[in-house]
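> Shown below is the structure under consideration.
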Amino acid sequence: MAAATNVDSLKVVVGVAGGIAAFKAPSVVRQFTEQGHSVTVVPTESALRFVGETTFAALSGNVITTTVFEGVDEVRHVRVGQEADLIVIAPATADLMARMAMGRADDMLTATLLVATCPVVVAPAMHTEMWHHPATVANVQTLRQRGIIVLEPAHGRLTGKDTGPGRMLEPEQIASLAMLAATKPRAFTRDLEELHVLISAGGTREPLDPVRFIGNRSSGRQGFALAEIAAQRGAKVTVVAGSVDSLPTPAGATVISVETTREMEAAMNEVAPTADVIIMSAAVADYRPETVITSKAKKGSDSELTTIKLVENPDILAGLVQSRTAGVFEKQPTIVGFAAETGDENGTPLEYGRAKLARKGCDVLLCNVVGDGKAFGTTDNAGWILDKNGGETEVEFGSKFALAAALLDSVRQLRN
């Protein structure tokens, strides 16, 4: 499928199937309209039982059509799909995916899909039993073989009291992944299946007293983007997460929450023996207070906070490399490090990144520039991917999902 060349203003079709998750579809539409894209919503008749036509028309600013018998004079059932730069189906029910797999064209949405040559992104939403049913599994496989990007659903609360895989991803996740698909559909190649990817994410916090801590500005967005893309490419994903900005859980990932650097080290060492790829993207605190004050410290000239003695935290990345060298792990994992640099009079961020790669002994290192609103807490990133063989790839400024895809491409190539 052809990727879009100008992502500043895309013609986006948002298809909506008739499931309870349709109540999230207006938020998906708004994600695209607020980015300046032209959105046409194509719901099924069943979808309008959950969200009214007026809502979609108001949010998109375009006419809503569910049947091929409307707009016949302009051949609307063909034109909408032909002109689209990106099609996103959210939610996609088991029934809609079955009709897509069969090549049906019995309503406006399926007809639009049948003529589309642009990237198509499908966000499933259904009960766990439906998602795991052999018919649905076969339909998903068929759609993926045809180049359609079927996203892995989230694990969480479903209709009623049920919980499990099949929950639709959050609108922000769907929009971010869809925008990556618009420009780089190959980023969703299922080339990580049967691999276990372990990722650390976010910042660690070292307590000073019961209410204060030493931390950093890391939001965890880059680590969670890596987990999201790895899962969408078929990997089994485990995330050891420190402080994160209430981010939606990456699809299908197991998340282990920690607070301090030593807690993160213990969690990483516990999971690492079975991992094929280890990505240390967390921004850990290099130092911690030697003594944690047991009650809230008070202000004043004699406060315990005026002088704080720090001790060095363990180097988790170096420790993982040493464990691999010592043969502690069941496998020989590919180990990826991160270097968040500012540069100074003694060297550039890239020079410091190269030095860290050599010093740590990891296989791949992502070096990026931080500070002044860069990297930490933002949705975009840039940097250089360095590898142990002397390879160096610059990743242009773009979404953290795009950088995650580029980094995983480098890991895949190195493993090959």
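Chain identifiers are assigned as A, B, and so on, following the order in which chains appear in the structure tokens; residues are numbered from 1 within each chain, and ligands are numbered from 1 in order of appearance.
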Residues of segment 133-204 of chain A in alpha helix (DSSP H) according to DSSP, as a list in words?

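Everything in segment 133-204 of chain A that counts as alpha helix (DSSP H) is Pro134, Ala135, Thr136, Val137, Ala138, Asn139, Val140, Gln141, Thr142, Leu143, Arg144, Gln145, Pro171, Glu172, Gln173, Ile174, Ala175, Ser176, Leu177, Ala178, Met179, Leu180, Ala181, Ala182 and Thr183 of chain A.
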
> Would you pick out the contacts of segment 303-312 of chain A at 12 Å or less, using only C-alpha atoms, so that residues sharing its chain but fewer than 3 positions from it are not included, and give the list as a PDB file with N, CA and C atoms, in the first residue's frame?


ATOM      1  N   GLU A 206      14.049   8.413  43.915  1.00  0.00           N
ATOM      2  CA  GLU A 206      14.755   8.016  45.135  1.00  0.00           C
ATOM      3  C   GLU A 206      14.235   8.857  46.297  1.00  0.00           C
ATOM      4  N   PRO A 207      13.580   8.239  47.276  1.00  0.00           N
ATOM      5  CA  PRO A 207      12.945   9.014  48.353  1.00  0.00           C
ATOM      6  C   PRO A 207      13.941   9.722  49.256  1.00  0.00           C
ATOM      7  N   LEU A 208      13.589  10.974  49.605  1.00  0.00           N
ATOM      8  CA  LEU A 208      14.318  11.731  50.625  1.00  0.00           C
ATOM      9  C   LEU A 208      13.668  11.551  51.983  1.00  0.00           C
ATOM     10  N   ASP A 209      12.344  11.641  51.959  1.00  0.00           N
ATOM     11  CA  ASP A 209      11.533  11.415  53.151  1.00  0.00           C
ATOM     12  C   ASP A 209      10.184  10.892  52.654  1.00  0.00           C
ATOM     13  N   ARG A 212       9.032  13.507  49.731  1.00  0.00           N
ATOM     14  CA  ARG A 212       9.938  14.088  48.740  1.00  0.00           C
ATOM     15  C   ARG A 212      10.808  13.008  48.102  1.00  0.00           C
ATOM     16  N   PHE A 213      11.282  13.313  46.904  1.00  0.00           N
ATOM     17  CA  PHE A 213      12.151  12.365  46.216  1.00  0.00           C
ATOM     18  C   PHE A 213      13.074  13.106  45.261  1.00  0.00           C
ATOM     19  N   ILE A 214      14.136  12.405  44.833  1.00  0.00           N
ATOM     20  CA  ILE A 214      15.008  12.873  43.761  1.00  0.00           C
ATOM     21  C   ILE A 214      14.605  12.115  42.505  1.00  0.00           C
ATOM     22  N   THR A 261      15.742   2.934  41.609  1.00  0.00           N
ATOM     23  CA  THR A 261      16.692   2.299  40.691  1.00  0.00           C
ATOM     24  C   THR A 261      16.991   0.869  41.126  1.00  0.00           C
ATOM     25  N   ARG A 262      17.149   0.639  42.418  1.00  0.00           N
ATOM     26  CA  ARG A 262      17.446  -0.714  42.884  1.00  0.00           C
ATOM     27  C   ARG A 262      16.268  -1.654  42.645  1.00  0.00           C
ATOM     28  N   VAL A 284      17.250   6.338  34.682  1.00  0.00           N
ATOM     29  CA  VAL A 284      17.384   6.001  36.101  1.00  0.00           C
ATOM     30  C   VAL A 284      18.147   7.094  36.855  1.00  0.00           C
ATOM     31  N   ALA A 285      17.849   7.203  38.122  1.00  0.00           N
ATOM     32  CA  ALA A 285      18.582   8.144  38.971  1.00  0.00           C
ATOM     33  C   ALA A 285      19.970   7.571  39.249  1.00  0.00           C
ATOM     34  N   ASP A 286      21.012   8.335  38.938  1.00  0.00           N
ATOM     35  CA  ASP A 286      22.377   7.847  39.128  1.00  0.00           C
ATOM     36  C   ASP A 286      22.772   7.795  40.598  1.00  0.00           C
ATOM     37  N   TYR A 287      22.128   8.624  41.409  1.00  0.00           N
ATOM     38  CA  TYR A 287      22.463   8.679  42.834  1.00  0.00           C
ATOM     39  C   TYR A 287      21.189   8.631  43.672  1.00  0.00           C
ATOM     40  N   ARG A 288      21.351   8.235  44.936  1.00  0.00           N
ATOM     41  CA  ARG A 288      20.243   8.210  45.885  1.00  0.00           C
ATOM     42  C   ARG A 288      20.742   8.739  47.225  1.00  0.00           C
ATOM     43  N   PRO A 289      19.847   9.244  48.062  1.00  0.00           N
ATOM     44  CA  PRO A 289      20.268   9.688  49.388  1.00  0.00           C
ATOM     45  C   PRO A 289      20.846   8.528  50.199  1.00  0.00           C
ATOM     46  N   GLU A 290      21.921   8.794  50.893  1.00  0.00           N
ATOM     47  CA  GLU A 290      22.519   7.745  51.719  1.00  0.00           C
ATOM     48  C   GLU A 290      21.559   7.312  52.815  1.00  0.00           C
ATOM     49  N   THR A 291      20.796   8.276  53.337  1.00  0.00           N
ATOM     50  CA  THR A 291      19.847   7.988  54.406  1.00  0.00           C
ATOM     51  C   THR A 291      18.483   8.557  54.046  1.00  0.00           C
ATOM     52  N   VAL A 292      17.444   7.764  54.192  1.00  0.00           N
ATOM     53  CA  VAL A 292      16.087   8.235  53.953  1.00  0.00           C
ATOM     54  C   VAL A 292      15.497   8.680  55.277  1.00  0.00           C
ATOM     55  N   ILE A 293      15.052   9.924  55.330  1.00  0.00           N
ATOM     56  CA  ILE A 293      14.467  10.475  56.556  1.00  0.00           C
ATOM     57  C   ILE A 293      13.119   9.805  56.795  1.00  0.00           C
ATOM     58  N   THR A 294      12.884   9.325  57.985  1.00  0.00           N
ATOM     59  CA  THR A 294      11.693   8.501  58.260  1.00  0.00           C
ATOM     60  C   THR A 294      10.410   9.309  58.417  1.00  0.00           C
ATOM     61  N   SER A 295      10.513  10.604  58.758  1.00  0.00           N
ATOM     62  CA  SER A 295       9.326  11.456  58.864  1.00  0.00           C
ATOM     63  C   SER A 295       9.550  12.710  58.029  1.00  0.00           C
ATOM     64  N   LYS A 296       8.493  13.415  57.715  1.00  0.00           N
ATOM     65  CA  LYS A 296       8.614  14.575  56.839  1.00  0.00           C
ATOM     66  C   LYS A 296       9.573  15.606  57.433  1.00  0.00           C
ATOM     67  N   ALA A 297      10.609  15.942  56.650  1.00  0.00           N
ATOM     68  CA  ALA A 297      11.588  16.931  57.119  1.00  0.00           C
ATOM     69  C   ALA A 297      10.989  18.327  57.081  1.00  0.00           C
ATOM     70  N   LYS A 298      11.356  19.168  58.079  1.00  0.00           N
ATOM     71  CA  LYS A 298      10.830  20.527  58.185  1.00  0.00           C
ATOM     72  C   LYS A 298      11.839  21.531  57.625  1.00  0.00           C
ATOM     73  N   LYS A 299      11.319  22.650  57.171  1.00  0.00           N
ATOM     74  CA  LYS A 299      12.187  23.718  56.687  1.00  0.00           C
ATOM     75  C   LYS A 299      12.883  24.394  57.861  1.00  0.00           C
ATOM     76  N   GLY A 300      13.970  25.096  57.531  1.00  0.00           N
ATOM     77  CA  GLY A 300      14.699  25.834  58.568  1.00  0.00           C
ATOM     78  C   GLY A 300      16.189  25.689  58.387  1.00  0.00           C
ATOM     79  N   ASP A 315      24.679   0.478  38.210  1.00  0.00           N
ATOM     80  CA  ASP A 315      24.591   0.701  36.779  1.00  0.00           C
ATOM     81  C   ASP A 315      23.872  -0.501  36.174  1.00  0.00           C
ATOM     82  N   ILE A 316      22.570  -0.349  35.912  1.00  0.00           N
ATOM     83  CA  ILE A 316      21.762  -1.493  35.478  1.00  0.00           C
ATOM     84  C   ILE A 316      22.215  -2.006  34.121  1.00  0.00           C
TER      85      ILE A 316
END

> Would you tabulate, counting only C-alpha atoms, all residues of segment 191-292 of chain A that have an atom at most 6 Å from an atom of segment 396-407 of chain A, showing the closest pair of atoms and their distance in Å to one decimal, sorted by chain then ascending number, as CSV?


residue,atom,partner,partner_atom,distance
A:Gln222,CA,A:Lys400,CA,5.7
A:Ala225,CA,A:Phe401,CA,5.2
A:Leu226,CA,A:Ala404,CA,4.8

> Give me, as a ChimeraX atom specification, the residues of segment 100-340 of chain A that a backbone DSSP run labels strand (DSSP E or B).

/A:120-124,149-150,154-157,163-167,196-201,203,206-207,213-214,236-241,243,254-257,277-280,283,287-289,310-312,334-340

> Find the residues near Phe224 of chain A: any atom within 7 Å, counting only C-alpha atoms, skip ones fewer than 4 places away on the same chain, and give them as a list in words.

Ala201, Gly220, Glu228 and Pro250 of chain A

> Could you turn the residues from that selection into a file that holds N, CA and C atoms, as a PDB file, in the first residue's frame?


ATOM      1  N   ALA A 201      11.353   1.561  31.248  1.00  0.00           N
ATOM      2  CA  ALA A 201      10.756   2.816  30.796  1.00  0.00           C
ATOM      3  C   ALA A 201      10.544   3.765  31.965  1.00  0.00           C
ATOM      4  N   GLY A 220       8.466   8.452  30.282  1.00  0.00           N
ATOM      5  CA  GLY A 220       8.229   7.060  29.919  1.00  0.00           C
ATOM      6  C   GLY A 220       7.648   6.883  28.526  1.00  0.00           C
ATOM      7  N   GLU A 228       4.990  -0.580  22.531  1.00  0.00           N
ATOM      8  CA  GLU A 228       3.821  -0.621  21.647  1.00  0.00           C
ATOM      9  C   GLU A 228       4.190  -1.169  20.263  1.00  0.00           C
ATOM     10  N   PRO A 250       0.832  -0.350  26.851  1.00  0.00           N
ATOM     11  CA  PRO A 250       1.051  -0.886  25.503  1.00  0.00           C
ATOM     12  C   PRO A 250       0.284  -2.189  25.299  1.00  0.00           C
TER      13      PRO A 250
END

> Report the distance between atom CA of Ile229 of chain A and atom CA of Pro43 of chain A in Å, rounded to one decimal place.

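Between atom CA of Ile229 of chain A and atom CA of Pro43 of chain A the gap is 27.5 Å.
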
> Which residues, written as a PyMOL selection string, have at least one atom at most 9 Å from Val239 of chain A, with only C-alpha atoms counted and residues fewer than 6 positions away on the same chain left out?

chain A and resi 197-201+223-224+227+250+253-257

> What is the atom CA of Ala22 of chain A to atom CA of Pro91 of chain A distance in Å?

5.9 Å

> Could you pull the residues within 8 Å of Ala94 of chain A, counting only C-alpha atoms, minus those fewer than 4 positions along the same chain, as a ChimeraX atom specification?

/A:98,124-126,130-131,136

> If you measure from atom CA of Ala138 of chain A to atom CA of Thr93 of chain A, what distance in Å do you get, rounded to one decimal?

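Here the two named atoms are 14.4 Å from each other.
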